[in-house]
$ cat final.txt   # compact mmCIF, C-alpha atoms and all ligand atoms
# COMPACT_ATOMS: atom_id res chain seq x y z
CA MET A 1 5.83 22.57 -16.97
CA SER A 2 5.21 20.67 -13.71
CA LYS A 3 4.82 16.96 -14.27
CA TYR A 4 2.73 14.75 -12.04
CA ASN A 5 3.11 11.00 -11.93
CA PHE A 6 -0.08 9.06 -11.22
CA CYS A 7 1.52 5.62 -11.49
CA ALA A 8 0.01 2.95 -9.20
CA GLY A 9 3.39 1.51 -8.36
CA PRO A 10 6.28 1.92 -8.25
CA ALA A 11 4.85 5.31 -7.53
CA MET A 12 6.16 8.86 -7.21
CA LEU A 13 8.28 9.71 -4.19
CA PRO A 14 8.36 13.09 -2.43
CA GLN A 15 10.51 15.44 -4.47
CA ALA A 16 12.36 16.68 -1.37
CA VAL A 17 13.40 13.12 -0.57
CA MET A 18 14.63 12.48 -4.12
CA GLN A 19 16.64 15.72 -4.08
CA LYS A 20 18.26 14.83 -0.76
CA ALA A 21 19.09 11.34 -2.03
CA GLN A 22 20.59 12.87 -5.17
CA LYS A 23 22.72 15.25 -3.13
CA GLU A 24 24.17 12.51 -0.95
CA PHE A 25 24.19 9.78 -3.59
CA LEU A 26 27.97 9.59 -3.97
CA ASP A 27 28.98 10.59 -0.49
CA TRP A 28 26.77 9.63 2.42
CA GLN A 29 27.45 11.16 5.84
CA ASP A 30 30.92 12.26 4.70
CA MET A 31 32.02 8.65 4.46
CA GLY A 32 33.27 9.16 0.90
CA VAL A 33 31.04 6.33 -0.35
CA SER A 34 27.39 5.84 -1.21
CA VAL A 35 24.98 4.39 1.33
CA MET A 36 24.74 1.52 -1.18
CA GLU A 37 28.44 0.76 -0.79
CA ILE A 38 28.74 0.17 2.92
CA SER A 39 28.18 -2.89 5.07
CA HIS A 40 24.65 -3.37 6.30
CA ARG A 41 26.26 -4.27 9.62
CA SER A 42 28.31 -1.06 9.88
CA LYS A 43 27.45 1.17 12.82
CA GLU A 44 26.39 3.93 10.41
CA PHE A 45 23.88 1.70 8.64
CA LEU A 46 22.61 0.21 11.90
CA ALA A 47 22.01 3.76 13.13
CA LEU A 48 19.97 4.37 10.00
CA THR A 49 17.81 1.27 10.52
CA ALA A 50 17.24 2.12 14.18
CA LYS A 51 16.18 5.64 13.22
CA CYS A 52 13.95 4.26 10.48
CA GLU A 53 12.11 1.90 12.80
CA ALA A 54 11.72 4.53 15.53
CA SER A 55 10.26 6.92 12.99
CA LEU A 56 7.76 4.35 11.69
CA ARG A 57 6.77 3.46 15.25
CA ARG A 58 6.05 7.14 15.98
CA LEU A 59 4.16 7.64 12.71
CA MET A 60 1.87 4.65 13.23
CA ASN A 61 1.91 4.62 17.03
CA ILE A 62 3.19 1.03 17.12
CA SER A 63 3.50 -0.40 20.64
CA ASP A 64 6.14 -2.75 22.03
CA GLU A 65 3.71 -5.63 21.56
CA PHE A 66 4.76 -5.56 17.92
CA GLU A 67 7.93 -6.41 16.08
CA VAL A 68 8.73 -4.33 12.98
CA LEU A 69 10.49 -6.25 10.21
CA PHE A 70 12.03 -5.01 6.98
CA MET A 71 11.93 -7.91 4.56
CA HIS A 72 12.61 -8.81 0.94
CA GLY A 73 10.11 -9.74 -1.69
CA GLY A 74 7.50 -6.95 -1.71
CA GLY A 75 3.81 -7.57 -1.19
CA ARG A 76 3.74 -10.93 -2.92
CA GLY A 77 6.60 -12.20 -0.80
CA GLN A 78 4.22 -11.73 2.11
CA PHE A 79 1.45 -13.59 0.26
CA SER A 80 3.75 -16.63 0.82
CA ALA A 81 5.25 -15.60 4.18
CA VAL A 82 1.88 -15.21 5.92
CA PRO A 83 0.65 -18.81 5.42
CA LEU A 84 4.16 -20.22 5.95
CA ASN A 85 4.43 -18.52 9.33
CA LEU A 86 0.82 -18.60 10.54
CA HIS A 87 -0.40 -22.00 9.30
CA GLN A 88 -2.01 -24.26 11.91
CA ALA A 89 -2.49 -27.92 11.10
CA ASP A 90 -6.08 -28.31 12.21
CA LYS A 91 -7.42 -24.96 11.04
CA LYS A 92 -8.25 -23.09 7.87
CA ALA A 93 -7.06 -19.62 6.98
CA ILE A 94 -9.92 -17.25 6.13
CA TYR A 95 -9.32 -15.04 3.10
CA CYS A 96 -11.75 -12.17 2.65
CA GLU A 97 -11.94 -11.26 -1.02
CA ASN A 98 -12.85 -7.87 -2.36
CA GLY A 99 -10.74 -7.51 -5.47
CA VAL A 100 -7.73 -8.48 -7.55
CA TRP A 101 -5.05 -8.43 -4.86
CA SER A 102 -6.96 -10.18 -2.10
CA LYS A 103 -7.87 -12.99 -4.54
CA SER A 104 -4.28 -13.29 -5.59
CA ALA A 105 -3.25 -13.59 -1.94
CA THR A 106 -5.64 -16.53 -1.53
CA ASP A 107 -4.28 -18.26 -4.62
CA GLU A 108 -0.77 -18.07 -3.19
CA ALA A 109 -1.81 -19.19 0.31
CA ASN A 110 -3.56 -22.23 -1.19
CA LYS A 111 -0.17 -23.60 -2.15
CA PHE A 112 0.73 -23.90 1.53
CA THR A 113 -2.34 -24.06 3.71
CA SER A 114 -5.99 -24.73 3.40
CA THR A 115 -8.15 -21.64 2.99
CA THR A 116 -11.76 -20.56 3.04
CA ARG A 117 -12.64 -17.75 0.67
CA VAL A 118 -15.19 -15.26 1.97
CA ASP A 119 -16.64 -12.95 -0.67
CA VAL A 120 -17.10 -9.54 0.97
CA ARG A 121 -18.24 -7.69 -2.14
CA ASN A 122 -21.85 -6.75 -2.70
CA ASP A 123 -21.93 -5.03 -6.06
CA ALA A 124 -25.38 -3.71 -6.92
CA ASP A 125 -27.01 -1.37 -9.45
CA GLY A 126 -23.85 -1.25 -11.54
CA LYS A 127 -21.81 -0.04 -8.57
CA PHE A 128 -18.86 -1.92 -7.09
CA SER A 129 -19.31 -2.21 -3.37
CA ILE A 130 -18.16 -3.96 -0.19
CA LYS A 131 -20.33 -5.31 2.62
CA ASN A 132 -20.09 -3.55 5.96
CA VAL A 133 -17.44 -5.26 8.04
CA ALA A 134 -20.06 -6.12 10.70
CA ASP A 135 -21.90 -8.22 8.10
CA TRP A 136 -18.93 -10.31 7.06
CA VAL A 137 -19.58 -13.96 7.90
CA LEU A 138 -16.31 -15.26 9.31
CA PRO A 139 -16.11 -18.91 10.41
CA ALA A 140 -15.52 -19.42 14.14
CA ASP A 141 -12.35 -21.44 14.03
CA ALA A 142 -9.51 -20.16 11.87
CA SER A 143 -5.73 -19.91 11.86
CA TYR A 144 -6.02 -16.26 10.79
CA ILE A 145 -8.19 -13.78 8.88
CA HIS A 146 -6.59 -12.10 5.87
CA TYR A 147 -7.99 -9.06 4.11
CA CYS A 148 -6.86 -6.19 1.88
CA PRO A 149 -7.95 -2.75 3.16
CA ASN A 150 -7.21 -1.06 -0.14
CA GLU A 151 -7.64 -2.81 -3.46
CA THR A 152 -5.18 -0.95 -5.65
CA VAL A 153 -6.56 -2.21 -8.97
CA ASP A 154 -10.28 -2.01 -8.23
CA GLY A 155 -10.14 1.28 -6.30
CA LEU A 156 -12.05 -0.11 -3.30
CA GLU A 157 -11.08 0.75 0.27
CA ILE A 158 -12.33 -0.67 3.57
CA PHE A 159 -12.21 1.89 6.37
CA GLU A 160 -13.45 -0.34 9.20
CA VAL A 161 -11.35 -3.14 10.67
CA PRO A 162 -12.84 -6.64 10.88
CA SER A 163 -12.56 -8.46 14.18
CA HIS A 164 -12.66 -12.07 15.25
CA PRO A 165 -12.95 -13.64 18.72
CA THR A 166 -9.87 -15.84 18.36
CA ALA A 167 -8.12 -15.58 14.99
CA PRO A 168 -5.43 -12.98 14.32
CA ILE A 169 -6.28 -10.22 11.82
CA VAL A 170 -3.80 -9.90 8.93
CA ALA A 171 -3.93 -6.95 6.55
CA ASP A 172 -2.24 -6.30 3.21
CA MET A 173 -1.74 -2.54 3.45
CA SER A 174 0.57 -2.22 0.45
CA SER A 175 -1.35 0.71 -1.03
CA THR A 176 -2.87 2.36 2.03
CA ILE A 177 -0.21 2.21 4.76
CA LEU A 178 0.52 5.67 6.22
CA SER A 179 -2.27 7.31 4.19
CA ARG A 180 -4.66 7.54 7.15
CA GLU A 181 -4.62 6.98 10.88
CA ILE A 182 -5.24 3.42 11.98
CA ASP A 183 -5.28 1.70 15.35
CA VAL A 184 -2.48 -0.84 15.01
CA ASP A 185 -3.72 -2.64 18.14
CA LYS A 186 -6.76 -3.82 16.18
CA PHE A 187 -4.44 -5.86 13.97
CA ASP A 188 -2.08 -8.76 14.55
CA LEU A 189 -0.07 -8.50 11.37
CA ILE A 190 0.20 -5.65 8.89
CA TYR A 191 2.35 -5.88 5.81
CA ALA A 192 3.09 -3.64 2.87
CA GLY A 193 5.31 -3.68 -0.18
CA ALA A 194 7.12 -0.34 -0.12
CA GLN A 195 6.71 0.91 -3.66
CA LYS A 196 3.26 2.49 -3.34
CA ASN A 197 3.41 4.72 -0.30
CA ILE A 198 6.85 4.27 1.27
CA GLY A 199 9.83 4.08 -1.03
CA PRO A 200 11.25 2.15 -3.96
CA SER A 201 10.41 -1.50 -4.61
CA GLY A 202 12.47 -4.28 -3.06
CA ILE A 203 11.50 -3.99 0.56
CA ALA A 204 8.41 -4.92 2.52
CA ILE A 205 7.38 -3.71 5.97
CA VAL A 206 5.93 -6.28 8.35
CA ILE A 207 4.41 -5.23 11.68
CA VAL A 208 3.71 -8.40 13.60
CA ARG A 209 2.40 -9.05 17.10
CA LYS A 210 5.22 -10.66 19.06
CA THR A 211 3.02 -13.50 20.35
CA LEU A 212 2.56 -14.68 16.74
CA LEU A 213 6.29 -15.31 16.42
CA ASP A 214 5.83 -18.42 18.56
CA ARG A 215 3.77 -20.12 15.90
CA GLU A 216 5.68 -22.87 14.25
CA GLY A 217 3.90 -22.67 10.92
CA LEU A 218 5.46 -24.66 8.09
CA ALA A 219 9.01 -25.31 6.92
CA LYS A 220 10.01 -22.09 5.19
CA PRO A 221 12.88 -20.25 3.55
CA GLY A 222 14.93 -18.31 6.11
CA ILE A 223 14.28 -15.00 4.36
CA LEU A 224 10.50 -15.45 4.90
CA ASP A 225 10.77 -16.57 8.53
CA TYR A 226 9.36 -13.89 10.87
CA ALA A 227 10.85 -15.28 14.08
CA LEU A 228 14.27 -15.64 12.48
CA GLU A 229 14.17 -12.16 10.96
CA ALA A 230 13.04 -10.71 14.29
CA LYS A 231 15.95 -12.37 16.04
CA GLN A 232 18.37 -11.16 13.37
CA GLY A 233 17.18 -7.54 13.26
CA SER A 234 15.87 -8.14 9.70
CA MET A 235 19.42 -8.99 8.63
CA PHE A 236 19.38 -12.74 8.22
CA ASN A 237 20.84 -11.96 4.82
CA THR A 238 21.87 -8.72 3.14
CA PRO A 239 18.81 -6.46 3.13
CA PRO A 240 17.92 -4.10 0.25
CA THR A 241 19.96 -1.30 1.79
CA PHE A 242 19.17 1.50 -0.66
CA ALA A 243 15.42 0.88 -0.40
CA TRP A 244 15.75 0.87 3.39
CA TYR A 245 17.65 4.16 3.31
CA LEU A 246 14.98 5.79 1.13
CA ALA A 247 12.17 4.45 3.33
CA ALA A 248 13.88 6.11 6.31
CA GLU A 249 14.05 9.38 4.36
CA VAL A 250 10.36 9.15 3.46
CA PHE A 251 9.43 8.55 7.11
CA GLU A 252 11.45 11.58 8.15
CA TRP A 253 9.70 13.63 5.46
CA LEU A 254 6.30 12.39 6.65
CA GLU A 255 7.04 13.40 10.21
CA ALA A 256 8.10 16.86 9.00
CA GLN A 257 4.77 17.17 7.12
CA GLY A 258 2.88 16.65 10.38
CA GLY A 259 2.68 12.87 10.33
CA VAL A 260 -0.12 10.59 9.27
CA LYS A 261 -2.86 12.88 10.61
CA ALA A 262 -1.76 15.70 8.30
CA MET A 263 -1.38 13.27 5.39
CA GLU A 264 -4.87 11.94 5.98
CA ALA A 265 -6.38 15.44 5.87
CA GLN A 266 -4.59 16.14 2.60
CA ASN A 267 -5.53 12.74 1.17
CA ILE A 268 -9.20 13.38 1.96
CA ALA A 269 -9.00 16.78 0.27
CA LYS A 270 -7.33 15.27 -2.83
CA ALA A 271 -9.82 12.40 -3.12
CA GLU A 272 -12.84 14.67 -2.64
CA LEU A 273 -11.63 17.07 -5.27
CA LEU A 274 -11.30 14.30 -7.85
CA TYR A 275 -14.40 12.24 -6.99
CA ASN A 276 -16.63 15.31 -6.75
CA PHE A 277 -15.48 16.46 -10.16
CA ILE A 278 -16.11 13.00 -11.67
CA ASP A 279 -19.55 12.71 -10.04
CA GLU A 280 -20.65 16.08 -11.33
CA SER A 281 -19.39 15.50 -14.86
CA PRO A 282 -21.61 13.92 -17.53
CA PHE A 283 -18.40 12.99 -19.36
CA TYR A 284 -16.67 10.78 -16.75
CA SER A 285 -17.82 8.19 -14.23
CA ASN A 286 -16.57 6.22 -11.26
CA LYS A 287 -18.26 2.88 -10.57
CA VAL A 288 -17.44 2.48 -6.88
CA ALA A 289 -20.05 2.98 -4.14
CA LYS A 290 -19.30 6.09 -2.11
CA HIS A 291 -18.64 4.42 1.24
CA CYS A 292 -15.78 2.29 -0.13
CA ARG A 293 -14.03 4.58 -2.57
CA SER A 294 -10.27 4.38 -2.33
CA ARG A 295 -8.47 7.57 -1.36
CA MET A 296 -5.29 6.29 -2.97
CA ASN A 297 -6.37 4.77 -6.29
CA VAL A 298 -9.16 6.41 -8.28
CA PRO A 299 -10.31 4.45 -11.32
CA PHE A 300 -12.51 6.41 -13.69
CA TRP A 301 -14.03 5.90 -17.09
CA LEU A 302 -14.70 8.16 -20.04
CA ASN A 303 -18.35 7.60 -20.90
CA ASP A 304 -17.26 7.52 -24.54
CA GLU A 305 -14.50 4.90 -24.40
CA SER A 306 -13.47 5.56 -27.99
CA LEU A 307 -11.73 8.67 -26.61
CA ASN A 308 -9.48 6.66 -24.25
CA GLU A 309 -6.38 6.73 -26.41
CA LYS A 310 -6.72 10.44 -27.07
CA PHE A 311 -7.16 11.08 -23.33
CA VAL A 312 -4.03 9.13 -22.44
CA SER A 313 -1.84 10.78 -25.06
CA GLN A 314 -3.08 14.33 -24.42
CA SER A 315 -2.83 13.98 -20.64
CA LYS A 316 0.75 12.82 -21.06
CA GLU A 317 1.51 15.85 -23.24
CA ALA A 318 0.03 17.98 -20.45
CA GLY A 319 2.51 16.50 -17.97
CA LEU A 320 0.03 14.13 -16.30
CA LEU A 321 1.70 10.75 -16.43
CA ALA A 322 0.60 7.12 -16.16
CA LEU A 323 -3.18 7.59 -16.14
CA GLU A 324 -4.00 4.52 -18.22
CA GLY A 325 -6.14 2.08 -16.23
CA HIS A 326 -5.10 -1.39 -15.13
CA ARG A 327 -5.54 -3.92 -17.93
CA ILE A 328 -8.08 -5.92 -15.90
CA VAL A 329 -10.35 -2.97 -15.11
CA GLY A 330 -9.81 -0.74 -18.15
CA GLY A 331 -10.55 2.98 -18.27
CA MET A 332 -8.22 5.30 -16.39
CA ARG A 333 -6.73 5.25 -12.93
CA ALA A 334 -5.17 8.08 -10.95
CA SER A 335 -3.08 6.92 -8.01
CA ILE A 336 -2.74 9.75 -5.53
CA TYR A 337 -0.52 8.50 -2.73
CA ASN A 338 1.02 10.65 0.01
CA ALA A 339 3.69 12.07 -2.30
CA MET A 340 1.09 13.52 -4.71
CA PRO A 341 0.46 17.16 -3.82
CA LEU A 342 -3.01 18.72 -4.01
CA GLU A 343 -1.77 20.80 -6.96
CA GLY A 344 -1.24 17.58 -8.91
CA VAL A 345 -4.86 16.54 -8.45
CA GLN A 346 -6.00 20.07 -9.29
CA ALA A 347 -3.95 19.93 -12.50
CA LEU A 348 -5.62 16.62 -13.37
CA VAL A 349 -9.12 17.98 -12.73
CA ASP A 350 -8.36 21.08 -14.83
CA PHE A 351 -7.14 18.90 -17.67
CA MET A 352 -10.17 16.59 -17.42
CA ALA A 353 -12.53 19.57 -17.52
CA ALA A 354 -10.83 21.02 -20.60
CA PHE A 355 -10.76 17.64 -22.33
CA ALA A 356 -14.46 17.10 -21.64
CA LYS A 357 -15.32 20.55 -23.04
CA GLU A 358 -13.34 20.00 -26.22
CA ASN A 359 -14.74 16.56 -26.87
CA SER A 360 -18.39 16.94 -25.89
C1 LIG B 401 1.13 -3.84 -5.42
C2 LIG B 401 0.41 -4.68 -4.46
C3 LIG B 401 0.85 -5.97 -4.13
C4 LIG B 401 2.03 -6.64 -4.78
O1 LIG B 401 3.20 -6.04 -4.47
P1 LIG B 401 4.60 -6.58 -5.06
O2 LIG B 401 5.55 -5.81 -4.25
O3 LIG B 401 4.60 -6.29 -6.52
O4 LIG B 401 4.66 -8.04 -4.78
C5 LIG B 401 0.14 -6.68 -3.19
N1 LIG B 401 -0.95 -6.15 -2.61
C6 LIG B 401 -1.42 -4.92 -2.91
C7 LIG B 401 -2.63 -4.39 -2.23
C8 LIG B 401 -0.75 -4.15 -3.85
O5 LIG B 401 -1.20 -2.93 -4.15

$ encode --input "final.txt" --output "structure tokens"
Amino acid sequence: MSKYNFCAGPAMLPQAVMQKAQKEFLDWQDMGVSVMEISHRSKEFLALTAKCEASLRRLMNISDEFEVLFMHGGGRGQFSAVPLNLHQADKKAIYCENGVWSKSATDEANKFTSTTRVDVRNDADGKFSIKNVADWVLPADASYIHYCPNETVDGLEIFEVPSHPTAPIVADMSSTILSREIDVDKFDLIYAGAQKNIGPSGIAIVIVRKTLLDREGLAKPGILDYALEAKQGSMFNTPPTFAWYLAAEVFEWLEAQGGVKAMEAQNIAKAELLYNFIDESPFYSNKVAKHCRSRMNVPFWLNDESLNEKFVSQSKEAGLLALEGHRIVGGMRASIYNAMPLEGVQALVDFMAAFAKENS
């Protein structure tokens, strides 16, 4: 039986990548040792990191105006790094809030800098929704604008990019990076913890406009210092080498699949299949307004919630793993990142249809 893992994170990785990693686990590039057992400053590992960065730059079309950093500490590490690096004494940081993660980012930033929260939700008629980006009211003077294009817990995605006349735009792309084409030039700083759509946990990708590296910010730990990490080739201290290696393998796999454009087409097909089924079913529902439904994280509810436990246990028996919803939101959630094939979503829809029939 094929098994499909719908975990929100750490999430499934492409099977081809896992098989390659397994094959070369004990002996990488005929060196007689694992990639985990060599110096991060060896020429072999430096070749890997160079290849990794080049591949990411091609995938996302990242220009030379940007530095690409591979840092420690996942998404939340960046919740601290962003204010520490971008703080300006006389200005406030604007935090646009549309769900669990963006609120959490504000809470962390408040430890270091002064923030203004801007609520960009406009839930109505029992539907969760987000205001059009053009209607966001962003104060004129700000050190930076932070927002979260894909709220992993709430299942809300913002497809437009906000803009501001002077303040840099910072985006937490932990759960949407590489899932669809974006224009990196519209951003000043993009960050993402790896474990949703890139590789294993332990590493975070930071794409930062070089001009921002001149900001003094606040006193900060070396491992969260963008300018220092840029100068040191992301090797101020020992990086998470195995996570970096796997990220490079995932990027190579993505390029072989046809890059982000091909991924986006498949992600649209997967999301439509699942949302259309839910919308047409009297048994299930999704509470997110259509224009801001996440393509990566699909929360859904059984209209009869007393069947939740039965749904979770029977789906697991059917090889569909980790469908239980986030404790804050309840219900179910299917995370369908790049590594999830269309067949996995089809298997889920088939199971949901059979379950609905049996229990109606
Ligand atoms: C998972 C996630 C985070 C937190 O990532 P960690 O690596 O666990 O710190 C932050 N933001 C978003 C949008 C996420 O999905």

$ residues_around --input "final.txt" --residues "region 77-83 of chain A" --least-positions-apart "4" --cutoff "9 Å" --atoms "only C-alpha atoms" --output "MDAnalysis selection string"
chainID A and resid 71:73 87:88 93 104:113 144 170 172 189 191:193 204 206 217:218 220:221 224:226

$ residues_around --input "final.txt" --residues "Val345 (chain A)" --least-positions-apart "5" --cutoff "9 Å" --atoms "only C-alpha atoms" --output "number ranges by chain"
A: 4, 270-271, 273-274, 334, 336, 340, 350

$ residues_around --input "final.txt" --residues "region 227-240 of chain A" --least-positions-apart "4" --cutoff "8 Å" --atoms "all atoms listed in the file" --output "ChimeraX atom specification"
/A:40,67-72,202-203,213-214,222-223,244

$ write_last_selection --input "final.txt" --atoms "C-alpha atoms" --output "compact mmCIF listing (two decimals), in the frame of the given file"
# COMPACT_ATOMS: atom_id res chain seq x y z
CA HIS A 40 24.65 -3.37 6.30
CA GLU A 67 7.93 -6.41 16.08
CA VAL A 68 8.73 -4.33 12.98
CA LEU A 69 10.49 -6.25 10.21
CA PHE A 70 12.03 -5.01 6.98
CA MET A 71 11.93 -7.91 4.56
CA HIS A 72 12.61 -8.81 0.94
CA GLY A 202 12.47 -4.28 -3.06
CA ILE A 203 11.50 -3.99 0.56
CA LEU A 213 6.29 -15.31 16.42
CA ASP A 214 5.83 -18.42 18.56
CA GLY A 222 14.93 -18.31 6.11
CA ILE A 223 14.28 -15.00 4.36
CA TRP A 244 15.75 0.87 3.39

$ residues_near_ligand --input "final.txt" --ligand "ligand LIG 401 (chain B)" --cutoff "6 Å" --atoms "only C-alpha atoms and all ligand atoms" --output "JSON, numbers by chain"
{"A": [74, 75, 76, 101, 151, 152, 172, 174, 175, 193]}

$ write_last_selection --input "final.txt" --atoms "C-alpha atoms" --output "PDB file, in the frame of the given file"
ATOM      1  CA  GLY A  74       7.500  -6.950  -1.710  1.00  0.00           C
ATOM      2  CA  GLY A  75       3.810  -7.570  -1.190  1.00  0.00           C
ATOM      3  CA  ARG A  76       3.740 -10.930  -2.920  1.00  0.00           C
ATOM      4  CA  TRP A 101      -5.050  -8.430  -4.860  1.00  0.00           C
ATOM      5  CA  GLU A 151      -7.640  -2.810  -3.460  1.00  0.00           C
ATOM      6  CA  THR A 152      -5.180  -0.950  -5.650  1.00  0.00           C
ATOM      7  CA  ASP A 172      -2.240  -6.300   3.210  1.00  0.00           C
ATOM      8  CA  SER A 174       0.570  -2.220   0.450  1.00  0.00           C
ATOM      9  CA  SER A 175      -1.350   0.710  -1.030  1.00  0.00           C
ATOM     10  CA  GLY A 193       5.310  -3.680  -0.180  1.00  0.00           C
TER      11      GLY A 193
END

$ closest_residue --input "final.txt" --among "A:Thr116, A:Ser34, A:Asn338, A:Asn308" --to "Gly199 (chain A)" --atoms "all atoms listed in the file"
A:Asn338

$ atom_distance --input "final.txt" --atom1 "CA of Ala142 (chain A)" --atom2 "CA of Glu216 (chain A)"
15.6 Å

$ atom_distance --input "final.txt" --atom1 "CA of Asp188 (chain A)" --atom2 "CA of Lys51 (chain A)"
23.3 Å

$ residues_around --input "final.txt" --residues "Pro299 (chain A)" --least-positions-apart "2" --cutoff "6 Å" --atoms "all atoms listed in the file" --output "PDB file with C-alpha atoms, keeping the file's coordinate frame"
ATOM      1  CA  GLY A 155     -10.140   1.280  -6.300  1.00  0.00           C
ATOM      2  CA  MET A 332      -8.220   5.300 -16.390  1.00  0.00           C
ATOM      3  CA  ARG A 333      -6.730   5.250 -12.930  1.00  0.00           C
TER       4      ARG A 333
END

$ closest_residue --input "final.txt" --among "A:Ala16, A:Ala134, A:Ala347, A:Leu56" --to "Met1 (chain A)" --atoms "all atoms listed in the file"
A:Ala347

$ closest_atom_pairs --input "final.txt" --of "region 90-160 of chain A" --to "region 311-330 of chain A" --cutoff "9 Å" --atoms "all atoms listed in the file" --output "tab-separated table"
residue	atom	partner	partner_atom	distance
A:Val100	CA	A:Ile328	CA	8.7
A:Val153	CA	A:His326	CA	6.4
A:Asp154	CA	A:Val329	CA	6.9

$ closest_residue --input "final.txt" --among "A:Phe187, A:Tyr275, A:Trp28, A:Phe351" --to "Glu44 (chain A)" --atoms "only C-alpha atoms"
A:Trp28

$ closest_atom_pairs --input "final.txt" --of "region 86-196 of chain A" --to "region 248-262 of chain A" --cutoff "9 Å" --atoms "all atoms listed in the file" --output "CSV"
residue,atom,partner,partner_atom,distance
A:Leu178,CA,A:Val260,CA,5.8
A:Ser179,CA,A:Val260,CA,6.4
A:Arg180,CA,A:Val260,CA,5.9
A:Glu181,CA,A:Val260,CA,6.0

$ write_last_selection --input "final.txt" --atoms "C-alpha atoms" --output "compact mmCIF listing (two decimals), in the frame of the given file"
# COMPACT_ATOMS: atom_id res chain seq x y z
CA LEU A 178 0.52 5.67 6.22
CA SER A 179 -2.27 7.31 4.19
CA ARG A 180 -4.66 7.54 7.15
CA GLU A 181 -4.62 6.98 10.88

$ decode --input "final.txt" --residues "region 117-128 of chain A" --atoms "N, CA, C and O atoms" --output "PDB file, in the first residue's frame"
ATOM      1  N   ARG A 117       0.883  46.601  15.094  1.00  0.00           N
ATOM      2  CA  ARG A 117       0.164  45.465  14.505  1.00  0.00           C
ATOM      3  C   ARG A 117      -0.906  45.979  13.550  1.00  0.00           C
ATOM      4  O   ARG A 117      -1.682  46.851  13.918  1.00  0.00           O
ATOM      5  N   VAL A 118      -0.946  45.431  12.361  1.00  0.00           N
ATOM      6  CA  VAL A 118      -2.000  45.786  11.408  1.00  0.00           C
ATOM      7  C   VAL A 118      -2.797  44.514  11.098  1.00  0.00           C
ATOM      8  O   VAL A 118      -2.250  43.541  10.563  1.00  0.00           O
ATOM      9  N   ASP A 119      -4.067  44.533  11.480  1.00  0.00           N
ATOM     10  CA  ASP A 119      -4.915  43.367  11.245  1.00  0.00           C
ATOM     11  C   ASP A 119      -5.357  43.361   9.777  1.00  0.00           C
ATOM     12  O   ASP A 119      -6.034  44.282   9.338  1.00  0.00           O
ATOM     13  N   VAL A 120      -4.935  42.370   9.023  1.00  0.00           N
ATOM     14  CA  VAL A 120      -5.309  42.336   7.604  1.00  0.00           C
ATOM     15  C   VAL A 120      -6.384  41.287   7.302  1.00  0.00           C
ATOM     16  O   VAL A 120      -6.686  40.999   6.149  1.00  0.00           O
ATOM     17  N   ARG A 121      -6.969  40.739   8.351  1.00  0.00           N
ATOM     18  CA  ARG A 121      -8.070  39.788   8.145  1.00  0.00           C
ATOM     19  C   ARG A 121      -9.369  40.551   7.948  1.00  0.00           C
ATOM     20  O   ARG A 121      -9.549  41.643   8.501  1.00  0.00           O
ATOM     21  N   ASN A 122     -10.277  40.020   7.179  1.00  0.00           N
ATOM     22  CA  ASN A 122     -11.658  40.506   7.237  1.00  0.00           C
ATOM     23  C   ASN A 122     -12.627  39.332   7.108  1.00  0.00           C
ATOM     24  O   ASN A 122     -13.296  39.155   6.104  1.00  0.00           O
ATOM     25  N   ASP A 123     -12.683  38.555   8.174  1.00  0.00           N
ATOM     26  CA  ASP A 123     -13.580  37.403   8.210  1.00  0.00           C
ATOM     27  C   ASP A 123     -15.019  37.904   8.132  1.00  0.00           C
ATOM     28  O   ASP A 123     -15.355  38.911   8.752  1.00  0.00           O
ATOM     29  N   ALA A 124     -15.832  37.225   7.359  1.00  0.00           N
ATOM     30  CA  ALA A 124     -17.243  37.619   7.256  1.00  0.00           C
ATOM     31  C   ALA A 124     -18.083  36.417   6.868  1.00  0.00           C
ATOM     32  O   ALA A 124     -17.599  35.517   6.178  1.00  0.00           O
ATOM     33  N   ASP A 125     -19.312  36.404   7.291  1.00  0.00           N
ATOM     34  CA  ASP A 125     -20.273  35.330   6.967  1.00  0.00           C
ATOM     35  C   ASP A 125     -19.696  33.950   7.286  1.00  0.00           C
ATOM     36  O   ASP A 125     -19.844  33.018   6.499  1.00  0.00           O
ATOM     37  N   GLY A 126     -19.021  33.831   8.407  1.00  0.00           N
ATOM     38  CA  GLY A 126     -18.475  32.538   8.801  1.00  0.00           C
ATOM     39  C   GLY A 126     -17.289  32.077   7.978  1.00  0.00           C
ATOM     40  O   GLY A 126     -16.829  30.945   8.103  1.00  0.00           O
ATOM     41  N   LYS A 127     -16.801  32.959   7.096  1.00  0.00           N
ATOM     42  CA  LYS A 127     -15.630  32.589   6.277  1.00  0.00           C
ATOM     43  C   LYS A 127     -14.396  33.360   6.753  1.00  0.00           C
ATOM     44  O   LYS A 127     -14.473  34.568   6.998  1.00  0.00           O
ATOM     45  N   PHE A 128     -13.280  32.675   6.844  1.00  0.00           N
ATOM     46  CA  PHE A 128     -12.011  33.340   7.144  1.00  0.00           C
ATOM     47  C   PHE A 128     -11.529  34.022   5.870  1.00  0.00           C
ATOM     48  O   PHE A 128     -11.561  33.416   4.799  1.00  0.00           O
TER      49      PHE A 128
END
